[in-house]
file final_13.csv (CSV, C-alpha atoms)
chain,number,residue,atom,x,y,z
A,1,MET,CA,0.0,0.0,0.0
A,2,ASN,CA,1.2,3.5,-0.8
A,3,SER,CA,2.2,5.6,2.2
A,4,PRO,CA,-0.6,8.0,3.0
A,5,ARG,CA,-0.2,11.5,1.6
A,6,ASN,CA,-0.3,14.7,3.6
A,7,PRO,CA,-4.1,15.5,3.7
A,8,ASP,CA,-3.2,19.1,2.6
A,9,GLU,CA,-1.7,17.7,-0.6
A,10,MET,CA,-4.6,15.4,-1.4
A,11,VAL,CA,-7.1,16.4,-4.1
A,12,PRO,CA,-10.5,17.1,-2.6
A,13,VAL,CA,-13.5,15.6,-4.3
A,14,THR,CA,-17.2,16.7,-4.1
A,15,ILE,CA,-20.0,14.5,-5.2
A,16,LEU,CA,-22.9,16.5,-6.6
A,17,THR,CA,-26.1,14.6,-6.7
A,18,GLY,CA,-29.8,15.3,-6.9
A,19,PHE,CA,-32.8,14.0,-8.8
A,20,LEU,CA,-33.6,14.9,-12.4
A,21,GLY,CA,-34.5,18.5,-12.8
A,22,ALA,CA,-33.4,19.6,-9.3
A,23,GLY,CA,-30.8,22.0,-10.7
A,24,LYS,CA,-27.5,20.2,-10.5
A,25,THR,CA,-26.3,21.2,-13.9
A,26,THR,CA,-27.3,24.9,-13.3
A,27,LEU,CA,-25.2,24.8,-10.1
A,28,LEU,CA,-22.3,23.1,-11.8
A,29,LYS,CA,-22.2,25.6,-14.7
A,30,ARG,CA,-22.1,28.4,-12.1
A,31,ILE,CA,-19.3,26.8,-10.2
A,32,LEU,CA,-17.3,26.4,-13.4
A,33,THR,CA,-17.9,29.9,-14.7
A,34,GLU,CA,-17.7,31.9,-11.4
A,35,TYR,CA,-15.4,30.0,-9.1
A,36,HIS,CA,-12.4,31.9,-10.4
A,37,GLY,CA,-8.8,31.1,-9.6
A,38,LYS,CA,-9.4,27.4,-9.1
A,39,ARG,CA,-8.9,24.7,-11.7
A,40,ILE,CA,-11.6,22.1,-11.3
A,41,ALA,CA,-11.9,18.7,-13.0
A,42,VAL,CA,-15.5,17.7,-13.5
A,43,ILE,CA,-16.5,14.1,-14.0
A,44,GLU,CA,-19.9,13.5,-15.4
A,45,ASN,CA,-21.6,10.1,-15.7
A,46,GLU,CA,-22.8,11.0,-19.1
A,47,PHE,CA,-23.1,13.9,-21.5
A,48,GLY,CA,-26.8,14.6,-22.0
A,49,PRO,CA,-28.7,17.5,-23.6
A,50,GLU,CA,-28.5,19.4,-20.4
A,51,SER,CA,-24.8,18.8,-19.9
A,52,ILE,CA,-22.2,21.5,-19.3
A,53,ASP,CA,-20.7,20.9,-22.7
A,54,ASN,CA,-23.3,23.2,-24.3
A,55,GLU,CA,-21.6,26.3,-23.1
A,56,LEU,CA,-18.1,25.5,-22.0
A,57,LEU,CA,-16.5,22.8,-24.1
A,58,VAL,CA,-14.0,23.8,-26.7
A,59,GLN,CA,-13.0,20.4,-28.1
A,60,ASP,CA,-14.6,17.5,-29.7
A,61,GLN,CA,-16.7,15.7,-27.1
A,62,ASN,CA,-15.7,12.3,-28.4
A,63,GLU,CA,-12.6,12.7,-26.2
A,64,GLU,CA,-13.0,11.2,-22.8
A,65,ILE,CA,-11.1,14.0,-21.0
A,66,ILE,CA,-11.8,17.5,-22.4
A,67,GLU,CA,-10.2,20.9,-21.5
A,68,LEU,CA,-12.8,23.6,-20.9
A,69,SER,CA,-12.5,27.2,-22.2
A,70,ASN,CA,-11.8,28.4,-18.6
A,71,GLY,CA,-8.9,26.0,-18.0
A,72,CYS,CA,-10.9,23.4,-16.1
A,73,VAL,CA,-11.2,19.8,-17.2
A,74,CYS,CA,-14.2,17.7,-18.0
A,75,CYS,CA,-14.5,14.0,-18.4
A,76,THR,CA,-17.2,11.6,-19.1
A,77,VAL,CA,-17.3,8.2,-17.4
A,78,ARG,CA,-17.5,5.8,-20.3
A,79,GLY,CA,-15.9,3.0,-18.3
A,80,ASP,CA,-15.3,2.6,-14.6
A,81,LEU,CA,-15.1,5.6,-12.3
A,82,MET,CA,-12.0,4.1,-10.6
A,83,ARG,CA,-10.2,3.9,-13.9
A,84,THR,CA,-11.2,7.5,-14.8
A,85,LEU,CA,-9.9,8.8,-11.4
A,86,ASN,CA,-6.6,6.9,-11.8
A,87,ASP,CA,-6.2,8.2,-15.3
A,88,LEU,CA,-6.7,11.8,-14.1
A,89,ARG,CA,-4.2,11.1,-11.3
A,90,ILE,CA,-1.6,9.8,-13.7
A,91,ARG,CA,-2.0,12.7,-16.1
A,92,ARG,CA,-1.9,15.2,-13.3
A,93,GLN,CA,1.3,13.7,-11.8
A,94,ALA,CA,2.9,13.8,-15.2
A,95,GLY,CA,2.0,17.5,-15.6
A,96,ASP,CA,-0.3,16.9,-18.5
A,97,LEU,CA,-3.4,18.2,-16.6
A,98,LYS,CA,-3.7,20.9,-14.0
A,99,PHE,CA,-6.6,20.8,-11.5
A,100,GLU,CA,-6.9,21.5,-7.8
A,101,ARG,CA,-10.2,19.7,-7.0
A,102,ILE,CA,-12.7,17.3,-8.6
A,103,ILE,CA,-16.5,17.5,-8.8
A,104,ILE,CA,-18.4,14.4,-9.7
A,105,GLU,CA,-21.9,15.0,-11.1
A,106,THR,CA,-23.9,11.9,-10.8
A,107,THR,CA,-26.9,11.1,-13.0
A,108,GLY,CA,-30.3,12.1,-11.6
A,109,MET,CA,-31.2,8.4,-11.1
A,110,ALA,CA,-27.9,7.5,-9.4
A,111,ASN,CA,-27.4,6.1,-5.9
A,112,PRO,CA,-24.3,8.0,-4.5
A,113,GLY,CA,-23.2,5.0,-2.5
A,114,PRO,CA,-21.0,3.2,-5.0
A,115,VAL,CA,-19.4,6.5,-6.0
A,116,CYS,CA,-18.5,7.1,-2.3
A,117,GLN,CA,-17.2,3.6,-2.0
A,118,THR,CA,-14.7,4.1,-4.9
A,119,PHE,CA,-12.6,6.3,-2.6
A,120,PHE,CA,-12.2,3.5,-0.1
A,121,MET,CA,-11.6,0.5,-2.4
A,122,ASP,CA,-8.5,1.4,-4.2
A,123,ASP,CA,-5.2,2.3,-2.4
A,124,ASP,CA,-4.0,4.6,-5.2
A,125,ILE,CA,-7.2,6.6,-5.1
A,126,ALA,CA,-7.5,6.6,-1.3
A,127,ASP,CA,-4.0,8.0,-1.0
A,128,TYR,CA,-4.3,10.6,-3.7
A,129,TYR,CA,-7.9,11.9,-3.4
A,130,ARG,CA,-9.8,13.1,-0.3
A,131,LEU,CA,-13.6,12.6,-0.5
A,132,ASP,CA,-14.8,15.9,0.9
A,133,ALA,CA,-18.6,15.7,0.8
A,134,VAL,CA,-21.8,14.7,-0.9
A,135,VAL,CA,-23.9,17.7,-1.8
A,136,THR,CA,-27.5,16.9,-2.8
A,137,VAL,CA,-29.8,19.3,-4.6
A,138,VAL,CA,-33.6,18.9,-3.8
A,139,ASP,CA,-36.3,20.6,-5.8
A,140,ALA,CA,-38.7,22.4,-3.5
A,141,LYS,CA,-41.5,22.3,-6.0
A,142,HIS,CA,-41.4,18.6,-6.8
A,143,GLY,CA,-39.3,17.3,-3.9
A,144,MET,CA,-42.2,15.8,-1.9
A,145,ASP,CA,-43.5,13.9,-4.9
A,146,THR,CA,-40.1,12.7,-6.0
A,147,LEU,CA,-39.3,11.4,-2.5
A,148,ASP,CA,-42.7,9.6,-2.4
A,149,THR,CA,-42.0,7.8,-5.7
A,150,GLN,CA,-38.2,7.5,-6.2
A,151,GLU,CA,-36.1,5.4,-3.9
A,152,GLU,CA,-32.9,6.8,-5.5
A,153,ALA,CA,-34.0,10.3,-4.5
A,154,GLN,CA,-34.3,9.1,-0.9
A,155,LYS,CA,-30.8,7.6,-1.0
A,156,GLN,CA,-29.4,10.9,-2.4
A,157,VAL,CA,-30.9,12.7,0.7
A,158,GLY,CA,-29.6,9.9,3.0
A,159,PHE,CA,-26.1,10.2,1.8
A,160,ALA,CA,-25.8,13.9,1.8
A,161,ASP,CA,-23.5,16.0,4.0
A,162,ARG,CA,-25.1,19.2,2.7
A,163,ILE,CA,-28.6,19.6,1.2
A,164,LEU,CA,-29.4,22.5,-1.1
A,165,VAL,CA,-33.2,23.1,-1.6
A,166,SER,CA,-33.7,24.8,-5.0
A,167,LYS,CA,-36.8,26.6,-6.4
A,168,LYS,CA,-38.1,27.7,-2.9
A,169,ASP,CA,-39.7,30.7,-4.6
A,170,LEU,CA,-42.1,28.4,-6.3
A,171,VAL,CA,-43.7,27.0,-3.0
A,172,THR,CA,-45.3,28.5,0.1
A,173,GLU,CA,-43.4,28.8,3.4
A,174,ALA,CA,-45.6,26.0,4.8
A,175,GLU,CA,-44.7,23.7,1.9
A,176,TYR,CA,-41.0,24.4,2.3
A,177,ALA,CA,-41.2,23.8,6.1
A,178,ALA,CA,-42.9,20.4,5.5
A,179,LEU,CA,-40.3,19.4,3.0
A,180,ARG,CA,-37.5,20.5,5.3
A,181,ARG,CA,-39.0,18.6,8.3
A,182,ARG,CA,-39.2,15.5,6.1
A,183,ILE,CA,-35.6,15.8,5.0
A,184,VAL,CA,-34.4,16.3,8.6
A,185,HIS,CA,-36.0,13.0,9.6
A,186,MET,CA,-34.3,11.2,6.7
A,187,ASN,CA,-30.9,12.7,7.4
A,188,PRO,CA,-30.5,14.7,10.6
A,189,ARG,CA,-26.7,15.1,10.2
A,190,ALA,CA,-26.8,17.1,6.9
A,191,SER,CA,-27.1,20.9,6.9
A,192,ILE,CA,-30.1,22.1,4.9
A,193,GLU,CA,-30.1,25.4,3.0
A,194,ALA,CA,-32.6,27.0,0.6
A,195,VAL,CA,-30.6,28.4,-2.3
A,196,HIS,CA,-31.0,30.6,-5.3
A,197,PHE,CA,-28.2,29.4,-7.5
A,198,GLY,CA,-27.6,33.0,-8.7
A,199,GLU,CA,-26.7,33.9,-5.1
A,200,THR,CA,-25.2,30.8,-3.5
A,201,ASP,CA,-22.0,31.3,-1.6
A,202,LEU,CA,-19.8,28.7,-3.4
A,203,LYS,CA,-17.6,28.4,-0.3
A,204,GLN,CA,-20.5,26.6,1.3
A,205,LEU,CA,-20.2,23.8,-1.3
A,206,ILE,CA,-16.6,22.9,-1.1
A,207,ASP,CA,-14.2,22.1,1.7
A,208,ILE,CA,-17.0,20.9,3.9
A,209,SER,CA,-15.0,17.9,5.2
A,210,GLY,CA,-18.2,15.9,5.5
A,211,PHE,CA,-16.2,12.6,5.3
A,212,ASN,CA,-13.6,13.8,7.7
A,213,LEU,CA,-13.8,11.8,10.9
A,214,ASN,CA,-12.7,14.8,12.9
A,215,THR,CA,-15.7,16.9,12.0
A,216,ILE,CA,-18.2,17.4,14.7
A,217,LEU,CA,-21.2,15.1,14.6
A,218,ASP,CA,-24.0,17.6,14.2
A,219,ILE,CA,-27.5,16.3,14.5
A,220,ASP,CA,-30.4,18.6,13.7
A,221,PRO,CA,-32.0,19.7,17.0
A,222,GLN,CA,-35.4,19.4,15.3
A,223,PHE,CA,-34.8,15.7,14.8
A,224,LEU,CA,-33.9,15.2,18.5
A,225,ALA,CA,-36.9,17.1,19.7
A,226,ASP,CA,-39.3,15.3,17.4
A,227,GLU,CA,-37.8,11.9,18.3
A,228,HIS,CA,-38.6,12.4,22.0
A,229,PRO,CA,-41.2,15.1,22.4
A,230,ASP,CA,-42.1,14.3,25.9
A,231,ALA,CA,-39.0,13.8,27.9
A,232,ALA,CA,-40.9,13.2,31.1
A,233,HIS,CA,-42.9,10.2,29.9
A,234,ASP,CA,-42.0,6.9,31.5
A,235,HIS,CA,-42.5,3.5,30.0
A,236,GLY,CA,-41.7,2.0,33.4
A,237,HIS,CA,-38.2,0.8,32.4
A,238,ASP,CA,-34.9,1.4,33.9
A,239,HIS,CA,-32.8,2.6,31.0
A,240,ALA,CA,-29.0,2.3,31.3
A,241,HIS,CA,-28.5,5.4,29.1
A,242,ASP,CA,-30.2,8.5,27.8
A,243,HIS,CA,-31.6,7.6,24.4
A,244,ASP,CA,-33.1,10.4,22.5
A,245,HIS,CA,-35.8,7.8,22.0
A,246,ASP,CA,-36.8,4.7,23.9
A,247,HIS,CA,-38.7,2.8,21.2
A,248,SER,CA,-36.4,-0.1,21.4
A,249,THR,CA,-37.5,-1.1,24.8
A,250,CYS,CA,-41.0,0.1,25.1
A,251,GLY,CA,-42.6,-3.1,23.9
A,252,HIS,CA,-44.6,-1.5,21.0
A,253,ASP,CA,-44.4,-2.3,17.4
A,254,HIS,CA,-42.4,0.5,15.7
A,255,SER,CA,-41.9,-1.3,12.5
A,256,HIS,CA,-43.2,1.7,10.6
A,257,ASP,CA,-40.9,4.7,10.1
A,258,HIS,CA,-41.3,6.2,13.6
A,259,GLU,CA,-39.3,9.2,12.7
A,260,HIS,CA,-42.5,10.7,11.3
A,261,ALA,CA,-44.7,9.5,14.0
A,262,HIS,CA,-45.2,13.0,15.5
A,263,ASP,CA,-46.2,14.7,12.3
A,264,HIS,CA,-49.6,13.1,11.8
A,265,GLY,CA,-51.6,15.3,14.1
A,266,HIS,CA,-53.3,12.8,16.4
A,267,ALA,CA,-54.3,14.3,19.8
A,268,HIS,CA,-53.5,11.1,21.6
A,269,ASP,CA,-50.0,9.6,22.0
A,270,PRO,CA,-49.5,7.0,19.2
A,271,ALA,CA,-46.6,5.4,21.2
A,272,THR,CA,-49.0,4.2,23.9
A,273,CYS,CA,-52.2,3.8,21.9
A,274,THR,CA,-53.5,0.3,21.7
A,275,ASP,CA,-56.7,1.0,19.6
A,276,PRO,CA,-56.3,-1.2,16.5
A,277,THR,CA,-58.7,1.0,14.6
A,278,HIS,CA,-56.3,4.0,14.7
A,279,ASN,CA,-54.0,4.3,11.8
A,280,HIS,CA,-50.6,5.5,13.0
A,281,LYS,CA,-49.0,5.3,9.6
A,282,PRO,CA,-47.2,8.6,8.9
A,283,PRO,CA,-48.1,10.7,5.9
A,284,HIS,CA,-44.7,10.1,4.3
A,285,SER,CA,-43.5,6.6,5.1
A,286,ASP,CA,-40.0,6.9,3.7
A,287,ASP,CA,-37.8,3.9,3.2
A,288,ILE,CA,-34.8,6.0,4.2
A,289,GLY,CA,-34.7,7.1,7.8
A,290,ALA,CA,-32.4,7.8,10.7
A,291,PHE,CA,-32.0,7.1,14.4
A,292,VAL,CA,-29.6,8.1,17.1
A,293,PHE,CA,-28.0,6.0,19.8
A,294,LYS,CA,-26.7,7.7,22.9
A,295,SER,CA,-25.1,6.4,26.1
A,296,ASN,CA,-23.2,7.6,29.1
A,297,LYS,CA,-21.7,4.2,29.6
A,298,PRO,CA,-18.5,3.0,27.9
A,299,PHE,CA,-18.4,0.4,25.2
A,300,ASP,CA,-16.5,-2.9,25.6
A,301,PRO,CA,-14.2,-2.5,22.6
A,302,GLU,CA,-14.1,-6.2,21.6
A,303,ARG,CA,-17.9,-6.7,21.9
A,304,LEU,CA,-18.6,-3.5,19.9
A,305,GLU,CA,-16.2,-4.5,17.1
A,306,GLU,CA,-17.8,-8.0,16.9
A,307,PHE,CA,-21.4,-6.6,16.9
A,308,LEU,CA,-20.7,-3.9,14.3
A,309,GLY,CA,-18.9,-6.4,12.1
A,310,GLY,CA,-22.0,-8.6,12.1
A,311,VAL,CA,-24.4,-5.7,11.6
A,312,VAL,CA,-22.4,-4.5,8.5
A,313,GLN,CA,-22.4,-8.0,7.0
A,314,VAL,CA,-26.2,-8.3,7.4
A,315,TYR,CA,-27.4,-4.8,6.8
A,316,GLY,CA,-24.5,-3.2,4.9
A,317,PRO,CA,-26.4,-2.7,1.6
A,318,ASP,CA,-29.2,-0.8,3.5
A,319,LEU,CA,-26.8,1.2,5.6
A,320,LEU,CA,-26.2,4.5,3.8
A,321,ARG,CA,-24.1,6.6,6.2
A,322,TYR,CA,-23.3,6.0,9.9
A,323,LYS,CA,-21.1,8.1,12.0
A,324,GLY,CA,-20.3,8.4,15.7
A,325,ILE,CA,-18.2,9.6,18.6
A,326,LEU,CA,-17.6,6.7,20.8
A,327,TYR,CA,-16.8,6.4,24.5
A,328,MET,CA,-14.7,3.2,24.9
A,329,LYS,CA,-13.6,1.5,28.1
A,330,GLY,CA,-9.9,1.7,28.7
A,331,ILE,CA,-9.3,4.4,26.1
A,332,ASN,CA,-8.9,8.0,27.3
A,333,ARG,CA,-9.7,9.4,23.9
A,334,ARG,CA,-12.9,9.6,22.0
A,335,MET,CA,-13.0,7.2,19.1
A,336,LEU,CA,-14.2,8.6,15.8
A,337,PHE,CA,-16.2,6.2,13.7
A,338,GLN,CA,-18.0,6.2,10.4
A,339,GLY,CA,-19.0,4.0,7.5
A,340,VAL,CA,-20.6,3.8,4.1
A,341,HIS,CA,-22.5,0.6,3.3
A,342,MET,CA,-20.2,-2.2,4.3
A,343,MET,CA,-17.0,-0.2,4.7
A,344,MET,CA,-16.3,1.3,8.1
A,345,GLY,CA,-13.4,2.8,9.9
A,346,ALA,CA,-12.4,4.3,13.3
A,347,GLU,CA,-9.5,6.3,14.5
A,348,PRO,CA,-8.6,8.0,17.9
A,349,GLY,CA,-9.8,11.6,18.3
A,350,LYS,CA,-9.1,14.2,21.0
A,351,PRO,CA,-8.5,13.1,24.6
A,352,TRP,CA,-11.5,13.4,26.9
A,353,LEU,CA,-11.0,16.5,29.2
A,354,ALA,CA,-11.4,16.1,32.9
A,355,SER,CA,-14.3,18.5,32.8
A,356,GLU,CA,-16.1,16.6,30.0
A,357,LYS,CA,-18.9,14.2,30.5
A,358,LYS,CA,-17.8,11.1,28.4
A,359,ASN,CA,-20.5,9.8,26.2
A,360,THR,CA,-21.3,8.0,23.0
A,361,LYS,CA,-23.4,9.5,20.2
A,362,MET,CA,-24.0,7.6,17.0
A,363,VAL,CA,-26.4,8.3,14.0
A,364,PHE,CA,-27.4,5.6,11.5
A,365,ILE,CA,-29.0,6.5,8.2
A,366,GLY,CA,-30.4,3.8,6.0
A,367,ARG,CA,-33.2,1.9,4.4
A,368,LYS,CA,-35.7,0.3,6.7
A,369,LEU,CA,-33.1,-0.3,9.4
A,370,PRO,CA,-34.4,-2.4,12.4
A,371,GLN,CA,-33.8,0.2,15.1
A,372,GLU,CA,-34.7,-2.2,17.9
A,373,ILE,CA,-32.1,-4.8,16.8
A,374,PHE,CA,-29.4,-2.1,16.5
A,375,THR,CA,-30.2,-0.5,19.8
A,376,LYS,CA,-30.5,-3.7,21.8
A,377,GLY,CA,-27.3,-4.9,20.3
A,378,LEU,CA,-25.4,-1.8,21.1
A,379,GLU,CA,-26.7,-1.9,24.6
A,380,GLN,CA,-25.3,-5.4,24.9
A,381,CYS,CA,-21.9,-4.0,23.9
A,382,LEU,CA,-21.8,-1.6,26.9
A,383,ALA,CA,-19.2,-2.5,29.5
A,384,LYS,CA,-20.9,-4.1,32.5
A,385,SER,CA,-19.1,-2.0,35.1
call {"tool": "encode", "arguments": {"input": "final_13.csv", "output": "structure tokens"}}
result
Amino acid sequence: MNSPRNPDEMVPVTILTGFLGAGKTTLLKRILTEYHGKRIAVIENEFGPESIDNELLVQDQNEEIIELSNGCVCCTVRGDLMRTLNDLRIRRQAGDLKFERIIIETTGMANPGPVCQTFFMDDDIADYYRLDAVVTVVDAKHGMDTLDTQEEAQKQVGFADRILVSKKDLVTEAEYAALRRRIVHMNPRASIEAVHFGETDLKQLIDISGFNLNTILDIDPQFLADEHPDAAHDHGHDHAHDHDHDHSTCGHDHSHDHEHAHDHGHAHDPATCTDPTHNHKPPHSDDIGAFVFKSNKPFDPERLEEFLGGVVQVYGPDLLRYKGILYMKGINRRMLFQGVHMMMGAEPGKPWLASEKKNTKMVFIGRKLPQEIFTKGLEQCLAKS
């Protein structure tokens, strides 16, 4: 394996995704024309009628790698993304191409997962490129319908480190608020911003470090509040730690996507209702959802490693992103942990300060994940004393 490069020398990569018509290409054109002083290599899955080549290409598009009129580079993935990235690396190292960062624009129907995995699978790519972030564009006008009908659109939201909502001017404040609330429950760790692409601060799209283990694990406060709206309620159990939610042990069936359970407007508490005539199915039963695990007790390192290894083997294809700050027994540093599908990694973070309350916080985002199995399994991994 190649020796790891200095992170400052690695080429940062942004994955730009979003469903058809959301505005990816509009944003990409703006980045290429206005982000002056930086040479960007753009990788597109395909050249279509709405491709950037309409305005910027200066050479025959039969070439696989094309120099743009502003000095940037554009390639189309005709083969494998890994091969394309290695080709760009070789040509940059040889001095044939000059670029400082890469933006990969996925097709509107693409699941970003395999694209992200590319940066963990090949040593040459992993040592040369730094996956910075997944930026997802969501169309405010059609976003609700798209999320209702297109599983890939849900995955695009689930994978995101930053979500840009376009066309907000075409909807009411109430419609935008409903869409934003839905997105938060699908992915509580991504920042969400309504954007007008003519005014977006491009610095908010690059150097996000969303895949950097050292970045803070931010979880939208709205998600935490909605997960556990009544902190004083008591199921009569003695919980070993302070979940943001206690569905895993309350004995009720939460097989539906409970993250929306507080949006359906019932006056009674659906978590304790036993009336079979009441329909507690949320208005948007998304396949992609999230949940948070928290504990003030330390993990037993061996037990946790064994459990997570088994979880990834079984549920890896449905796990989109998972990330956490872990409190481990016998280790005086926080452990920083994250994964994509079946690939996960951990590394030591900053030491715990004497004044800090040591704790674990993990977020899992995926497709129909069995929260109860994950939560009970993680509880079993806590050190006994």
call {"tool": "residues_around", "arguments": {"input": "final_13.csv", "residues": "Ala383 of chain A", "least_positions_apart": "5", "cutoff": "10 Å", "atoms": "only C-alpha atoms", "output": "ChimeraX atom specification"}}
result
/A:297-301,303-304,328-329
call {"tool": "residues_around", "arguments": {"input": "final_13.csv", "residues": "segment 289-293 of chain A", "least_positions_apart": "5", "cutoff": "6 Å", "atoms": "all atoms listed in the file", "output": "VMD selection string"}}
result
chain A and resid 186 361 to 366
call {"tool": "residues_around", "arguments": {"input": "final_13.csv", "residues": "Leu205 of chain A", "least_positions_apart": "6", "cutoff": "9 Å", "atoms": "all atoms listed in the file", "output": "PyMOL selection string"}}
result
chain A and resi 14+133+135+162
call {"tool": "residues_around", "arguments": {"input": "final_13.csv", "residues": "segment 305-317 of chain A", "least_positions_apart": "2", "cutoff": "12 Å", "atoms": "only C-alpha atoms", "output": "ChimeraX atom specification"}}
result
/A:111,113-114,117,155,299-303,319-322,326,328,337-346,364-371,373-382
call {"tool": "residues_around", "arguments": {"input": "final_13.csv", "residues": "Ile192 of chain A", "least_positions_apart": "3", "cutoff": "10 Å", "atoms": "only C-alpha atoms", "output": "list in words"}}
result
Thr136, Val137, Val138, Ala160, Asp161, Arg162, Ile163, Leu164, Val165, Arg180, Ile183, Val184, Asn187, Pro188, Arg189, Val195 and Asp220 of chain A
call {"tool": "atom_distance", "arguments": {"input": "final_13.csv", "atom1": "atom CA of His142 of chain A", "atom2": "atom CA of Gly18 of chain A"}}
result
12.1 Å
call {"tool": "atom_distance", "arguments": {"input": "final_13.csv", "atom1": "atom CA of Pro12 of chain A", "atom2": "atom CA of Thr26 of chain A"}}
result
21.4 Å
call {"tool": "atom_distance", "arguments": {"input": "final_13.csv", "atom1": "atom CA of Gly158 of chain A", "atom2": "atom CA of Glu105 of chain A"}}
result
16.9 Å
call {"tool": "decode", "arguments": {"input": "final_13.csv", "residues": "segment 346-352 of chain A", "atoms": "all heavy atoms", "output": "PDB file, in the first residue's frame"}}
result
ATOM      1  N   ALA A 346     -12.456   3.506  12.020  1.00  0.00           N
ATOM      2  CA  ALA A 346     -12.422   4.267  13.262  1.00  0.00           C
ATOM      3  C   ALA A 346     -10.995   4.721  13.510  1.00  0.00           C
ATOM      4  O   ALA A 346     -10.034   4.080  13.081  1.00  0.00           O
ATOM      5  CB  ALA A 346     -12.918   3.427  14.433  1.00  0.00           C
ATOM      6  N   GLU A 347     -10.871   5.850  14.181  1.00  0.00           N
ATOM      7  CA  GLU A 347      -9.549   6.338  14.548  1.00  0.00           C
ATOM      8  C   GLU A 347      -9.672   7.143  15.835  1.00  0.00           C
ATOM      9  O   GLU A 347     -10.746   7.671  16.154  1.00  0.00           O
ATOM     10  CB  GLU A 347      -8.946   7.191  13.433  1.00  0.00           C
ATOM     11  CG  GLU A 347      -9.702   8.455  13.133  1.00  0.00           C
ATOM     12  CD  GLU A 347      -9.120   9.207  11.940  1.00  0.00           C
ATOM     13  OE1 GLU A 347      -8.821   8.582  10.910  1.00  0.00           O
ATOM     14  OE2 GLU A 347      -9.002  10.434  12.050  1.00  0.00           O
ATOM     15  N   PRO A 348      -8.582   7.250  16.610  1.00  0.00           N
ATOM     16  CA  PRO A 348      -8.649   7.998  17.860  1.00  0.00           C
ATOM     17  C   PRO A 348      -8.819   9.487  17.595  1.00  0.00           C
ATOM     18  O   PRO A 348      -8.214  10.029  16.666  1.00  0.00           O
ATOM     19  CB  PRO A 348      -7.313   7.706  18.539  1.00  0.00           C
ATOM     20  CG  PRO A 348      -6.524   6.862  17.616  1.00  0.00           C
ATOM     21  CD  PRO A 348      -7.298   6.622  16.373  1.00  0.00           C
ATOM     22  N   GLY A 349      -9.648  10.128  18.401  1.00  0.00           N
ATOM     23  CA  GLY A 349      -9.822  11.569  18.332  1.00  0.00           C
ATOM     24  C   GLY A 349      -9.153  12.247  19.509  1.00  0.00           C
ATOM     25  O   GLY A 349      -8.198  11.730  20.087  1.00  0.00           O
ATOM     26  N   LYS A 350      -9.676  13.397  19.875  1.00  0.00           N
ATOM     27  CA  LYS A 350      -9.080  14.171  20.967  1.00  0.00           C
ATOM     28  C   LYS A 350      -9.268  13.453  22.303  1.00  0.00           C
ATOM     29  O   LYS A 350     -10.254  12.753  22.504  1.00  0.00           O
ATOM     30  CB  LYS A 350      -9.737  15.552  21.034  1.00  0.00           C
ATOM     31  CG  LYS A 350      -9.435  16.431  19.833  1.00  0.00           C
ATOM     32  CD  LYS A 350     -10.034  17.826  20.006  1.00  0.00           C
ATOM     33  CE  LYS A 350     -11.544  17.767  20.072  1.00  0.00           C
ATOM     34  NZ  LYS A 350     -12.147  19.124  20.115  1.00  0.00           N
ATOM     35  N   PRO A 351      -8.334  13.660  23.250  1.00  0.00           N
ATOM     36  CA  PRO A 351      -8.506  13.085  24.588  1.00  0.00           C
ATOM     37  C   PRO A 351      -9.740  13.688  25.258  1.00  0.00           C
ATOM     38  O   PRO A 351     -10.097  14.841  25.003  1.00  0.00           O
ATOM     39  CB  PRO A 351      -7.233  13.493  25.332  1.00  0.00           C
ATOM     40  CG  PRO A 351      -6.251  13.876  24.276  1.00  0.00           C
ATOM     41  CD  PRO A 351      -7.050  14.382  23.117  1.00  0.00           C
ATOM     42  N   TRP A 352     -10.374  12.890  26.109  1.00  0.00           N
ATOM     43  CA  TRP A 352     -11.467  13.418  26.920  1.00  0.00           C
ATOM     44  C   TRP A 352     -10.868  14.363  27.956  1.00  0.00           C
ATOM     45  O   TRP A 352      -9.882  14.043  28.612  1.00  0.00           O
ATOM     46  CB  TRP A 352     -12.202  12.287  27.641  1.00  0.00           C
ATOM     47  CG  TRP A 352     -12.927  11.324  26.767  1.00  0.00           C
ATOM     48  CD1 TRP A 352     -12.571  10.030  26.490  1.00  0.00           C
ATOM     49  CD2 TRP A 352     -14.153  11.552  26.060  1.00  0.00           C
ATOM     50  NE1 TRP A 352     -13.490   9.447  25.647  1.00  0.00           N
ATOM     51  CE2 TRP A 352     -14.482  10.357  25.360  1.00  0.00           C
ATOM     52  CE3 TRP A 352     -15.007  12.660  25.931  1.00  0.00           C
ATOM     53  CZ2 TRP A 352     -15.614  10.230  24.572  1.00  0.00           C
ATOM     54  CZ3 TRP A 352     -16.139  12.538  25.134  1.00  0.00           C
ATOM     55  CH2 TRP A 352     -16.441  11.347  24.468  1.00  0.00           C
TER      56      TRP A 352
END
